[in-house]
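Peer 1: What follows is the file structure_18.txt, containing compact mmCIF, C-alpha atoms:
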```txt
# COMPACT_ATOMS: atom_id res chain seq x y z
CA MET A 1084 3.57 85.47 157.75
CA THR A 1085 4.99 82.66 159.89
CA THR A 1086 2.22 81.07 161.96
CA LEU A 1087 2.57 78.87 165.03
CA TYR A 1088 -0.32 76.56 165.84
CA GLY A 1089 0.23 75.77 169.50
CA TYR A 1090 -1.11 75.83 173.02
CA PHE A 1091 0.17 78.01 175.83
CA ARG A 1092 0.99 75.08 178.14
CA SER A 1093 2.38 72.67 175.51
CA SER A 1094 6.09 72.13 176.19
CA ALA A 1095 6.74 71.43 172.54
CA ALA A 1096 5.08 74.68 171.41
CA TYR A 1097 6.94 76.52 174.20
CA ARG A 1098 10.29 75.28 172.78
CA VAL A 1099 9.40 76.61 169.32
CA ARG A 1100 8.29 79.97 170.75
CA ILE A 1101 11.68 80.35 172.45
CA ALA A 1102 13.50 79.49 169.20
CA LEU A 1103 11.43 81.99 167.18
CA ASN A 1104 12.05 84.68 169.80
CA LEU A 1105 15.81 84.01 170.00
CA LYS A 1106 15.97 84.33 166.22
CA GLY A 1107 14.01 87.57 166.36
CA LEU A 1108 11.35 86.25 163.98
CA ALA A 1109 7.83 87.68 163.94
CA TYR A 1110 4.98 85.15 164.01
CA ASP A 1111 1.24 84.85 164.42
CA GLN A 1112 -0.11 82.43 166.99
CA VAL A 1113 -3.22 80.31 166.51
CA PRO A 1114 -4.21 78.51 169.72
CA VAL A 1115 -5.29 74.85 169.58
CA ASN A 1116 -6.92 74.11 172.94
CA LEU A 1117 -5.65 70.68 174.01
CA VAL A 1118 -7.97 70.48 177.02
CA LYS A 1119 -11.02 71.03 174.81
CA GLY A 1120 -9.69 68.44 172.30
CA GLU A 1121 -9.22 70.90 169.44
CA GLN A 1122 -6.08 69.01 168.38
CA ARG A 1123 -8.32 66.24 167.01
CA THR A 1124 -10.41 68.51 164.73
CA GLU A 1125 -10.22 67.93 160.99
CA ALA A 1126 -8.52 71.31 160.54
CA ASN A 1127 -5.74 70.45 162.98
CA VAL A 1128 -5.19 66.91 161.73
CA ALA A 1129 -4.90 68.32 158.18
CA ARG A 1130 -1.90 70.37 159.32
CA HIS A 1131 -0.54 67.92 161.92
CA PRO A 1132 -1.09 64.24 160.96
CA GLN A 1133 -0.62 63.15 164.57
CA GLY A 1134 -3.36 65.48 165.79
CA LEU A 1135 -0.94 67.27 168.10
CA VAL A 1136 0.77 70.64 168.41
CA PRO A 1137 2.89 72.48 167.42
CA THR A 1138 2.72 73.02 163.68
CA LEU A 1139 4.80 75.82 162.22
CA GLU A 1140 3.58 77.27 158.94
CA THR A 1141 6.33 79.16 157.15
CA ASP A 1142 5.99 82.28 154.96
CA ASP A 1143 5.90 79.92 151.95
CA GLY A 1144 2.99 77.93 153.39
CA VAL A 1145 5.11 74.88 154.27
CA GLN A 1146 3.80 73.12 157.37
CA LEU A 1147 6.38 71.60 159.72
CA ILE A 1148 5.81 69.33 162.74
CA GLN A 1149 7.86 67.97 165.66
CA SER A 1150 9.36 70.70 167.80
CA LEU A 1151 13.05 69.72 167.57
CA ALA A 1152 12.82 69.30 163.79
CA ILE A 1153 11.19 72.74 163.61
CA CYS A 1154 13.92 74.32 165.77
CA GLU A 1155 16.70 72.76 163.65
CA PHE A 1156 14.91 74.05 160.52
CA LEU A 1157 14.79 77.56 161.97
CA ASP A 1158 18.47 77.29 162.85
CA GLU A 1159 19.39 76.23 159.31
CA VAL A 1160 17.29 78.89 157.57
CA HIS A 1161 18.04 81.69 160.05
CA PRO A 1162 21.54 80.87 161.32
CA GLU A 1163 21.93 83.85 163.70
CA PRO A 1164 22.14 83.57 166.62
CA PRO A 1165 23.00 79.85 166.40
CA LEU A 1166 21.10 77.30 168.49
CA LEU A 1167 23.91 74.75 168.11
CA PRO A 1168 27.68 75.12 168.60
CA ALA A 1169 30.00 75.03 165.59
CA ASP A 1170 31.90 71.79 166.43
CA ALA A 1171 30.43 68.33 165.81
CA GLU A 1172 31.21 67.12 169.33
CA GLY A 1173 29.53 70.16 170.91
CA ARG A 1174 26.54 69.75 168.61
CA ALA A 1175 26.24 66.11 169.69
CA ARG A 1176 26.34 67.15 173.36
CA VAL A 1177 23.64 69.80 172.89
CA ARG A 1178 21.41 67.44 170.92
CA ALA A 1179 21.88 64.73 173.54
CA LEU A 1180 20.87 67.11 176.34
CA ALA A 1181 17.85 68.23 174.31
CA GLN A 1182 16.86 64.66 173.51
CA LEU A 1183 17.28 63.57 177.11
CA VAL A 1184 14.33 65.88 177.82
CA ALA A 1185 12.43 65.46 174.56
CA CYS A 1186 12.77 61.67 174.16
CA GLU A 1187 13.03 60.47 177.77
CA ILE A 1188 11.11 62.77 180.11
CA HIS A 1189 8.47 64.72 178.25
CA PRO A 1190 6.89 61.86 176.20
CA LEU A 1191 6.01 60.02 179.40
CA ASN A 1192 4.33 62.97 181.05
CA ASN A 1193 2.30 64.68 178.39
CA LEU A 1194 -1.45 65.04 178.47
CA ARG A 1195 -2.40 62.08 176.24
CA VAL A 1196 -0.30 59.71 178.37
CA LEU A 1197 -1.70 60.95 181.69
CA LYS A 1198 -5.20 60.59 180.21
CA TYR A 1199 -4.48 56.97 179.23
CA LEU A 1200 -3.18 56.19 182.73
CA VAL A 1201 -6.34 57.53 184.33
CA GLY A 1202 -8.92 56.59 181.69
CA GLU A 1203 -7.70 53.19 180.48
CA LEU A 1204 -5.63 51.88 183.40
CA GLY A 1205 -7.72 53.38 186.21
CA VAL A 1206 -4.69 54.93 187.87
CA GLY A 1207 -5.61 57.20 190.82
CA GLU A 1208 -4.48 60.78 191.41
CA GLU A 1209 -1.66 59.85 193.81
CA ALA A 1210 -0.20 57.18 191.53
CA LYS A 1211 -0.48 59.52 188.55
CA LEU A 1212 1.52 62.16 190.41
CA ALA A 1213 4.09 59.54 191.47
CA TRP A 1214 4.46 58.49 187.81
CA TYR A 1215 4.94 62.10 186.77
CA ARG A 1216 7.54 62.79 189.44
CA HIS A 1217 9.35 59.50 188.85
CA TRP A 1218 10.20 60.33 185.22
CA ILE A 1219 11.13 63.91 186.08
CA ALA A 1220 13.46 62.69 188.85
CA GLU A 1221 15.04 59.98 186.72
CA GLY A 1222 15.68 62.42 183.86
CA PHE A 1223 16.76 65.38 186.00
CA ASP A 1224 19.15 63.20 188.05
CA ALA A 1225 21.02 62.36 184.82
CA LEU A 1226 20.76 65.89 183.46
CA GLU A 1227 22.05 67.47 186.68
CA GLY A 1228 24.95 65.01 186.67
CA MET A 1229 25.92 65.89 183.12
CA LEU A 1230 25.48 69.64 183.55
CA SER A 1231 27.36 69.81 186.86
CA ARG A 1232 30.30 67.59 185.83
CA GLU A 1233 30.92 68.30 182.15
CA ALA A 1234 33.28 71.03 181.01
CA GLY A 1235 30.90 72.15 178.25
CA THR A 1236 28.42 73.68 180.69
CA GLY A 1237 28.57 77.45 181.14
CA ASP A 1238 25.97 80.07 182.00
CA PHE A 1239 23.69 77.92 179.87
CA CYS A 1240 23.57 74.16 179.19
CA HIS A 1241 26.41 74.50 176.70
CA GLY A 1242 28.65 77.55 176.88
CA ASP A 1243 27.44 81.05 177.59
CA THR A 1244 24.66 81.42 175.03
CA PRO A 1245 21.33 79.56 174.84
CA THR A 1246 21.12 76.46 172.66
CA LEU A 1247 18.59 73.80 171.69
CA ALA A 1248 19.28 72.19 175.08
CA ASP A 1249 18.08 75.24 177.03
CA LEU A 1250 14.91 75.56 175.03
CA CYS A 1251 14.03 71.99 176.01
CA LEU A 1252 15.13 72.41 179.64
CA VAL A 1253 13.09 75.48 180.56
CA PRO A 1254 9.65 74.14 179.48
CA GLN A 1255 10.44 70.89 181.32
CA VAL A 1256 11.28 72.83 184.50
CA PHE A 1257 8.02 74.77 184.08
CA ASN A 1258 6.15 71.44 183.99
CA ALA A 1259 8.02 70.11 187.00
CA GLU A 1260 7.12 73.24 188.97
CA ARG A 1261 3.49 72.97 187.91
CA PHE A 1262 3.36 69.45 189.34
CA ALA A 1263 5.18 70.61 192.52
CA CYS A 1264 8.24 68.42 191.96
CA ASP A 1265 11.05 68.96 194.45
CA LEU A 1266 13.91 70.53 192.48
CA SER A 1267 16.28 71.19 195.40
CA ALA A 1268 18.64 68.40 194.28
CA TYR A 1269 19.22 70.16 190.95
CA PRO A 1270 21.18 73.38 191.60
CA THR A 1271 22.75 73.48 188.14
CA ILE A 1272 19.39 73.03 186.41
CA GLN A 1273 18.00 75.81 188.59
CA ARG A 1274 20.94 78.15 187.90
CA ILE A 1275 20.69 77.68 184.13
CA THR A 1276 16.91 78.05 184.18
CA ALA A 1277 17.24 81.36 186.06
CA ASN A 1278 19.76 82.59 183.47
CA CYS A 1279 17.35 81.66 180.67
CA ARG A 1280 14.39 83.31 182.35
CA ALA A 1281 16.35 86.55 182.59
CA LEU A 1282 16.27 86.78 178.78
CA PRO A 1283 13.29 88.43 177.03
CA ALA A 1284 13.18 85.60 174.42
CA PHE A 1285 12.41 83.08 177.16
CA ARG A 1286 10.15 85.38 179.21
CA GLN A 1287 8.02 86.26 176.21
CA ALA A 1288 7.68 82.56 175.32
CA ALA A 1289 6.44 81.55 178.77
CA PRO A 1290 2.98 80.00 179.00
CA GLU A 1291 1.56 82.80 181.14
CA ALA A 1292 2.59 85.38 178.52
CA GLN A 1293 0.61 83.74 175.69
CA PRO A 1294 -2.69 85.06 174.27
CA ASP A 1295 -4.54 81.83 175.13
CA ALA A 1296 -3.32 81.73 178.76
CA ARG A 1297 -6.02 82.24 181.34
CA MET B 969 38.66 51.96 167.45
CA THR B 970 35.04 53.09 167.52
CA THR B 971 33.11 51.14 170.16
CA LEU B 972 29.36 50.78 170.53
CA TYR B 973 28.03 49.89 173.97
CA GLY B 974 24.59 48.51 173.21
CA TYR B 975 22.20 45.62 173.46
CA PHE B 976 20.99 43.47 170.59
CA ARG B 977 17.30 44.23 171.18
CA SER B 978 17.62 47.93 172.08
CA SER B 979 15.93 50.02 169.36
CA ALA B 980 18.21 52.93 170.05
CA ALA B 981 21.37 50.81 169.67
CA TYR B 982 19.85 49.23 166.54
CA ARG B 983 19.47 52.72 164.98
CA VAL B 984 23.14 53.49 165.63
CA ARG B 985 24.26 50.13 164.20
CA ILE B 986 22.38 50.90 160.96
CA ALA B 987 23.99 54.34 160.75
CA LEU B 988 27.48 52.93 161.32
CA ASN B 989 26.89 50.25 158.69
CA LEU B 990 25.47 52.69 156.12
CA LYS B 991 28.57 54.86 156.60
CA GLY B 992 30.79 51.80 156.20
CA LEU B 993 32.51 52.39 159.56
CA ALA B 994 34.16 49.56 161.47
CA TYR B 995 33.28 49.27 165.17
CA ASP B 996 33.62 47.02 168.16
CA GLN B 997 30.52 46.06 170.09
CA VAL B 998 30.36 45.72 173.87
CA PRO B 999 27.02 44.25 175.02
CA VAL B 1000 25.25 45.75 178.04
CA ASN B 1001 22.57 43.24 179.02
CA LEU B 1002 19.43 45.25 179.83
CA VAL B 1003 17.50 42.26 181.11
CA LYS B 1004 20.24 41.47 183.64
CA GLY B 1005 20.39 45.15 184.67
CA GLU B 1006 23.94 45.73 183.47
CA GLN B 1007 22.96 49.25 182.36
CA ARG B 1008 22.93 50.29 186.02
CA THR B 1009 26.49 49.15 186.79
CA GLU B 1010 29.04 51.78 187.78
CA ALA B 1011 30.97 51.15 184.56
CA ASN B 1012 27.93 51.82 182.39
CA VAL B 1013 26.72 54.86 184.33
CA ALA B 1014 30.23 56.33 184.00
CA ARG B 1015 29.86 56.27 180.24
CA HIS B 1016 26.09 56.89 180.06
CA PRO B 1017 24.82 59.18 182.86
CA GLN B 1018 21.26 57.95 182.37
CA GLY B 1019 22.30 54.34 182.86
CA LEU B 1020 20.98 53.40 179.43
CA VAL B 1021 22.32 52.33 176.06
CA PRO B 1022 23.67 53.13 173.53
CA THR B 1023 26.96 54.92 174.14
CA LEU B 1024 29.25 55.43 171.19
CA GLU B 1025 32.93 55.85 171.98
CA THR B 1026 34.81 57.44 169.11
CA ASP B 1027 38.40 56.78 168.01
CA ASP B 1028 39.39 59.81 170.11
CA GLY B 1029 37.77 58.38 173.24
CA VAL B 1030 34.84 60.81 173.20
CA GLN B 1031 31.68 59.21 174.60
CA LEU B 1032 28.38 60.18 172.98
CA ILE B 1033 24.84 59.32 174.11
CA GLN B 1034 21.29 59.58 172.69
CA SER B 1035 20.88 57.66 169.45
CA LEU B 1036 19.65 60.50 167.22
CA ALA B 1037 22.40 62.82 168.44
CA ILE B 1038 24.93 60.06 167.72
CA CYS B 1039 23.54 59.51 164.20
CA GLU B 1040 23.64 63.24 163.41
CA PHE B 1041 27.24 63.32 164.71
CA LEU B 1042 28.20 60.43 162.42
CA ASP B 1043 26.51 62.22 159.53
CA GLU B 1044 28.45 65.43 160.19
CA VAL B 1045 31.85 63.74 160.64
CA HIS B 1046 31.38 61.14 157.87
CA PRO B 1047 29.10 62.91 155.34
CA GLU B 1048 28.88 60.07 152.78
CA PRO B 1049 26.41 58.63 152.16
CA PRO B 1050 24.22 61.34 153.73
CA LEU B 1051 21.53 60.42 156.28
CA LEU B 1052 19.69 63.71 155.67
CA PRO B 1053 18.67 65.40 152.40
CA ALA B 1054 20.42 68.60 151.29
CA ASP B 1055 17.46 71.01 151.54
CA ALA B 1056 16.24 72.45 154.85
CA GLU B 1057 12.61 71.51 154.21
CA GLY B 1058 13.56 67.91 153.39
CA ARG B 1059 15.78 67.74 156.46
CA ALA B 1060 12.89 68.97 158.60
CA ARG B 1061 10.63 66.28 157.14
CA VAL B 1062 13.16 63.50 157.76
CA ARG B 1063 13.82 64.69 161.32
CA ALA B 1064 10.07 64.93 161.99
CA LEU B 1065 9.52 61.35 160.78
CA ALA B 1066 12.44 60.17 162.91
CA GLN B 1067 11.20 62.06 165.96
CA LEU B 1068 7.66 60.79 165.50
CA VAL B 1069 9.13 57.36 166.28
CA ALA B 1070 11.86 58.41 168.71
CA CYS B 1071 9.86 60.95 170.76
CA GLU B 1072 6.29 59.65 170.49
CA ILE B 1073 6.25 55.86 170.13
CA HIS B 1074 9.46 54.33 171.44
CA PRO B 1075 9.75 56.20 174.78
CA LEU B 1076 6.37 54.84 175.89
CA ASN B 1077 7.17 51.24 175.09
CA ASN B 1078 10.71 50.68 176.23
CA LEU B 1079 11.74 48.24 178.93
CA ARG B 1080 11.95 50.64 181.88
CA VAL B 1081 8.43 51.94 181.21
CA LEU B 1082 6.89 48.47 180.84
CA LYS B 1083 8.63 47.51 184.10
CA TYR B 1084 7.11 50.52 185.89
CA LEU B 1085 3.63 49.66 184.59
CA VAL B 1086 3.89 46.11 185.93
CA GLY B 1087 5.98 46.69 189.05
CA GLU B 1088 4.65 50.01 190.35
CA LEU B 1089 1.16 50.23 188.90
CA GLY B 1090 0.30 46.53 189.05
CA VAL B 1091 -0.77 46.45 185.41
CA GLY B 1092 -1.54 42.92 184.15
CA GLU B 1093 -0.15 41.22 181.04
CA GLU B 1094 -3.21 41.97 178.87
CA ALA B 1095 -3.31 45.66 179.79
CA LYS B 1096 0.44 45.95 179.26
CA LEU B 1097 0.07 44.54 175.75
CA ALA B 1098 -2.86 46.87 175.08
CA TRP B 1099 -0.72 49.84 176.19
CA TYR B 1100 2.10 48.72 173.89
CA ARG B 1101 -0.16 48.28 170.89
CA HIS B 1102 -2.04 51.52 171.56
CA TRP B 1103 1.06 53.70 171.17
CA ILE B 1104 2.29 51.72 168.15
CA ALA B 1105 -1.10 52.13 166.47
CA GLU B 1106 -1.39 55.81 167.28
CA GLY B 1107 2.11 56.52 165.95
CA PHE B 1108 1.93 54.24 162.92
CA ASP B 1109 -1.49 55.65 161.90
CA ALA B 1110 0.10 59.10 161.64
CA LEU B 1111 3.28 57.79 160.04
CA GLU B 1112 1.41 55.76 157.41
CA GLY B 1113 -0.70 58.84 156.62
CA MET B 1114 2.38 60.99 156.10
CA LEU B 1115 4.32 58.38 154.13
CA SER B 1116 1.42 57.45 151.86
CA ARG B 1117 0.26 61.00 151.09
CA GLU B 1118 3.38 63.13 150.99
CA ALA B 1119 5.33 63.65 147.77
CA GLY B 1120 8.67 63.29 149.57
CA THR B 1121 8.24 59.53 150.06
CA GLY B 1122 10.06 57.25 147.64
CA ASP B 1123 11.52 53.76 147.95
CA PHE B 1124 12.43 54.89 151.45
CA CYS B 1125 10.81 57.32 153.89
CA HIS B 1126 12.29 60.25 152.01
CA GLY B 1127 13.41 59.75 148.44
CA ASP B 1128 15.19 56.68 147.16
CA THR B 1129 18.04 56.35 149.66
CA PRO B 1130 17.85 55.57 153.38
CA THR B 1131 17.79 58.46 155.86
CA LEU B 1132 17.57 59.03 159.60
CA ALA B 1133 13.82 58.33 159.29
CA ASP B 1134 14.37 54.79 158.01
CA LEU B 1135 16.83 53.94 160.71
CA CYS B 1136 14.18 54.83 163.30
CA LEU B 1137 11.36 53.11 161.42
CA VAL B 1138 12.89 49.66 160.99
CA PRO B 1139 13.73 49.04 164.69
CA GLN B 1140 10.23 50.21 165.61
CA VAL B 1141 8.69 47.76 163.13
CA PHE B 1142 10.88 45.02 164.62
CA ASN B 1143 9.44 45.83 168.05
CA ALA B 1144 5.89 45.90 166.74
CA GLU B 1145 6.38 42.47 165.17
CA ARG B 1146 7.89 41.13 168.39
CA PHE B 1147 4.73 42.17 170.26
CA ALA B 1148 2.53 40.72 167.48
CA CYS B 1149 0.99 44.08 166.51
CA ASP B 1150 -1.29 43.93 163.46
CA LEU B 1151 0.52 45.89 160.73
CA SER B 1152 -1.91 45.17 157.87
CA ALA B 1153 -3.20 48.76 157.91
CA TYR B 1154 0.30 50.08 157.13
CA PRO B 1155 1.22 49.04 153.57
CA THR B 1156 3.62 51.94 153.03
CA ILE B 1157 5.46 51.25 156.28
CA GLN B 1158 5.72 47.58 155.26
CA ARG B 1159 6.93 48.41 151.74
CA ILE B 1160 9.66 50.75 153.01
CA THR B 1161 10.71 48.30 155.73
CA ALA B 1162 11.10 45.56 153.12
CA ASN B 1163 13.26 47.87 150.99
CA CYS B 1164 15.44 48.63 154.00
CA ARG B 1165 15.76 44.99 154.99
CA ALA B 1166 17.03 44.17 151.51
CA LEU B 1167 20.15 46.25 152.25
CA PRO B 1168 23.15 44.62 153.98
CA ALA B 1169 23.57 47.66 156.28
CA PHE B 1170 20.13 47.01 157.78
CA ARG B 1171 20.38 43.20 157.75
CA GLN B 1172 23.72 43.24 159.53
CA ALA B 1173 22.33 45.63 162.16
CA ALA B 1174 19.33 43.43 162.98
CA PRO B 1175 19.05 42.16 166.57
CA GLU B 1176 19.33 38.50 165.55
CA ALA B 1177 22.64 39.21 163.79
CA GLN B 1178 24.36 40.62 166.91
CA PRO B 1179 26.98 38.80 168.98
CA ASP B 1180 24.85 39.02 172.15
CA ALA B 1181 21.68 37.63 170.51
CA ARG B 1182 20.61 34.30 171.89
```
Go ahead and express the file in the form of structure tokens.
Peer 2:
Amino acid sequence: MTTLYGYFRSSAAYRVRIALNLKGLAYDQVPVNLVKGEQRTEANVARHPQGLVPTLETDDGVQLIQSLAICEFLDEVHPEPPLLPADAEGRARVRALAQLVACEIHPLNNLRVLKYLVGELGVGEEAKLAWYRHWIAEGFDALEGMLSREAGTGDFCHGDTPTLADLCLVPQVFNAERFACDLSAYPTIQRITANCRALPAFRQAAPEAQPDAR
Amino acid sequence: MTTLYGYFRSSAAYRVRIALNLKGLAYDQVPVNLVKGEQRTEANVARHPQGLVPTLETDDGVQLIQSLAICEFLDEVHPEPPLLPADAEGRARVRALAQLVACEIHPLNNLRVLKYLVGELGVGEEAKLAWYRHWIAEGFDALEGMLSREAGTGDFCHGDTPTLADLCLVPQVFNAERFACDLSAYPTIQRITANCRALPAFRQAAPEAQPDAR
């Protein structure tokens, strides 16, 4: 059985849940509570050398880390429906949109970074929120520009079916909403997110729908 | 002609230079001076909506952003020599190693983030260096663990030819050296870096070998 070691509010685990659901793959979930520090237990570090989530364990017992690498693996092993377009230029656009979120927004705002800001640098609550919103705004400004101007955009980030870009976008929007970021300047992001959330694969992957959500 | 808009010390541009060199592709370089703020000019934002580098402009005039997306594009359009192994599990490992650097270390330590720490949060020089070294150490600890323990490692991060993982590793090591990080705990990272640096494709991509290096 495929097993996902994750956490209901982890963006990276959320991306993998969407991918598994879009592919129609069954999987067990084992929660690793990031707030309680369970990611640093010996058991979790044995499966994820960084002491993070998610880890995907395949039917064959192979353990995979890093959410985008896991999603590309799933797309290669289970090609239907595809998470990337067929043409190299389209694939590059989708990967760039995904990486804009995964390499430029999310790494700056995840739990371990916010903890360092508060614990090591003595940053107060207001400044922490400003940091969070700054990186969301900087990333979403660029993303909205690309999505609103480029011909590749359709009902979803690229064309009219969900891709790797959408499964990065929606968890990032969830985070932005959780931190009460103003999203009114991003109508295209909001339109695409609404289209995604209308699909069962995205709804069933949402944090509030997970067994470890409270 | 293929044109790379980059900056000699940008890790992301450095990755793309290595990929272009490994593929044996000729390219022009147009420097965008990040220290002088040239990334925010209208001309650069028109080609890179985030106002960053690198942008790769192909022979056909297509502009691509995000270094890993660019490298995967080059690998798809110019398959030899491959930057990813042939098997899905190996590809997932290489992408995970690359993303460990590109999504977990580098985003926290790039210029715009260090500027925010100093300019907005009033972080001093010592604390800025501690921040830098903290994320290098956390990432390299995990990377060294994976590279030293896993059977996939060879002369390079995966097997005996360079992959996407090596072209993320070497620029990150360059940065770590520039900030005088202690790398003595990472013998496997050092061994692989030395093997990479022995290759002309890596040497010719090094920051000090670029036209805009001073």
Peer 1: Could you pull the residues within 10 Å of Glu1203 (chain A), counting only C-alpha atoms, minus those fewer than 6 positions along the same chain, as a ChimeraX atom specification?
Peer 2: /A:1197 /B:1095,1098-1099
Peer 1: Could you check how far CA of Leu1115 (chain B) sits from CA of Thr1156 (chain B), in Å to one decimal?
Peer 2: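 We find that CA of Leu1115 (chain B) and CA of Thr1156 (chain B) lie 6.6 Å from each other.
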Peer 1: Between CA of Pro999 (chain B) and CA of Pro1049 (chain B), measure the distance and give it in Å to one decimal.
Peer 2: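 So the answer is 27.0 Å.
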Peer 1: Taking all atoms listed in the file into account, what are the residues of chain A at most 7 Å from chain B, put as a ChimeraX atom specification?
Peer 2: /A:1132-1133,1148-1149,1152-1153,1156,1159,1171,1175,1178-1179,1182,1185-1187,1190-1191,1225,1228-1229
Peer 1: State, in Å with one decimal place, the distance from CA of Leu1002 (chain B) to CA of Ala1014 (chain B).
Peer 2: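 According to the coordinates, CA of Leu1002 (chain B) and CA of Ala1014 (chain B) are separated by 16.0 Å.
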Peer 1: I need the residue nearest Asp1150 (chain B) from this list: B:Arg977, B:Arg1101, B:Arg1182, B:Lys1004. Use only C-alpha atoms for the distance.
Peer 2: B:Arg1101
Peer 1: Please determine an axis-aligned box that encloses all atoms of region 1111-1121 of chain A listed in the file, with 8 Å added on each side, and express its centre and edge lengths in Å to one decimal as AutoDock Vina command-line options.
Peer 2:
```
--center_x -4.9 --center_y 76.6 --center_z 170.7 --size_x 28.3 --size_y 32.4 --size_z 28.6
```
Peer 1: If we count all atoms listed in the file and set the cut-off at 7 Å, which residues sit around Met1084 (chain A), ignoring sequence neighbours fewer than 6 positions away in its own chain? Please answer as a PyMOL selection string.
Peer 2: chain A and resi 1110+1141-1142
Peer 1: Write the residues of the preceding selection, restricted to C-alpha atoms, as a short mmCIF file (atom, residue, chain, number, x, y, z; two decimals), in the coordinates of the input.
Peer 2:
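What landed in part.cif:
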```cif
data_model
loop_
_atom_site.label_atom_id
_atom_site.label_comp_id
_atom_site.auth_asym_id
_atom_site.auth_seq_id
_atom_site.Cartn_x
_atom_site.Cartn_y
_atom_site.Cartn_z
CA TYR A 1110 4.98 85.15 164.01
CA THR A 1141 6.33 79.16 157.15
CA ASP A 1142 5.99 82.28 154.96
#
```
Peer 1: So which residues touch region 1102-1108 of chain A within 8 Å, counting all atoms listed in the file, skipping near sequence neighbours fewer than 5 positions away, as a PDB file with C-alpha atoms, keeping the file's coordinate frame?
Peer 2:
```pdb
ATOM      1  CA  CYS A1154      13.920  74.320 165.770  1.00  0.00           C
ATOM      2  CA  LEU A1157      14.790  77.560 161.970  1.00  0.00           C
ATOM      3  CA  HIS A1161      18.040  81.690 160.050  1.00  0.00           C
ATOM      4  CA  GLU A1163      21.930  83.850 163.700  1.00  0.00           C
ATOM      5  CA  PRO A1164      22.140  83.570 166.620  1.00  0.00           C
ATOM      6  CA  LEU A1166      21.100  77.300 168.490  1.00  0.00           C
ATOM      7  CA  LEU A1250      14.910  75.560 175.030  1.00  0.00           C
ATOM      8  CA  ALA A1284      13.180  85.600 174.420  1.00  0.00           C
ATOM      9  CA  PHE A1285      12.410  83.080 177.160  1.00  0.00           C
ATOM     10  CA  GLN A1287       8.020  86.260 176.210  1.00  0.00           C
ATOM     11  CA  ALA A1288       7.680  82.560 175.320  1.00  0.00           C
TER      12      ALA A1288
END
```
Peer 1: Ranking A:Asn1116, A:Asn1278, A:Phe1091, A:Glu1125 by minimum distance to Ala1292 (chain A) and counting only C-alpha atoms, which one comes first?
Peer 2: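 With only C-alpha atoms as the atom set, the closest residue is A:Phe1091.
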Peer 1: From the list B:Glu1006, B:Glu1094, B:Tyr1100, B:Tyr975, which residue is nearest Cys1149 (chain B) when using all atoms listed in the file?
Peer 2: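 The shortest atom-to-atom distance to Cys1149 (chain B) comes from B:Tyr1100.
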Peer 1: Nearest to Pro1168 (chain B): which of B:Asp1028, B:Gly1122, B:Arg985, B:Gln997 is it, counting only C-alpha atoms?
Peer 2: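 When distances to Pro1168 (chain B) are compared using only C-alpha atoms, the smallest one comes from B:Arg985.
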Peer 1: Can you tell me which residues surround Leu1151 (chain B) at a distance of at most 9 Å, considering all atoms listed in the file, apart from same-chain residues fewer than 4 positions away, and format the answer as a list in words?
Peer 2: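 Here the answer would be Ala1105, Phe1108, Val1141, Ala1144, Glu1145, Pro1155, Ile1157 and Gln1158 of chain B.
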Peer 1: What does the file look like for those residues with C-alpha atoms, as a PDB file, keeping the file's coordinate frame?
Peer 2:
```
ATOM      1  CA  ALA B1105      -1.100  52.130 166.470  1.00  0.00           C
ATOM      2  CA  PHE B1108       1.930  54.240 162.920  1.00  0.00           C
ATOM      3  CA  VAL B1141       8.690  47.760 163.130  1.00  0.00           C
ATOM      4  CA  ALA B1144       5.890  45.900 166.740  1.00  0.00           C
ATOM      5  CA  GLU B1145       6.380  42.470 165.170  1.00  0.00           C
ATOM      6  CA  PRO B1155       1.220  49.040 153.570  1.00  0.00           C
ATOM      7  CA  ILE B1157       5.460  51.250 156.280  1.00  0.00           C
ATOM      8  CA  GLN B1158       5.720  47.580 155.260  1.00  0.00           C
TER       9      GLN B1158
END
```
Peer 1: Calculated over all atoms listed in the file, which of the candidates A:Asn1193, A:Pro1162, A:Asp1243, A:Val1253 has the smallest distance to Pro1290 (chain A)?
Peer 2: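 Looking only at the distances to Pro1290 (chain A), the closest residue turns out to be A:Val1253.
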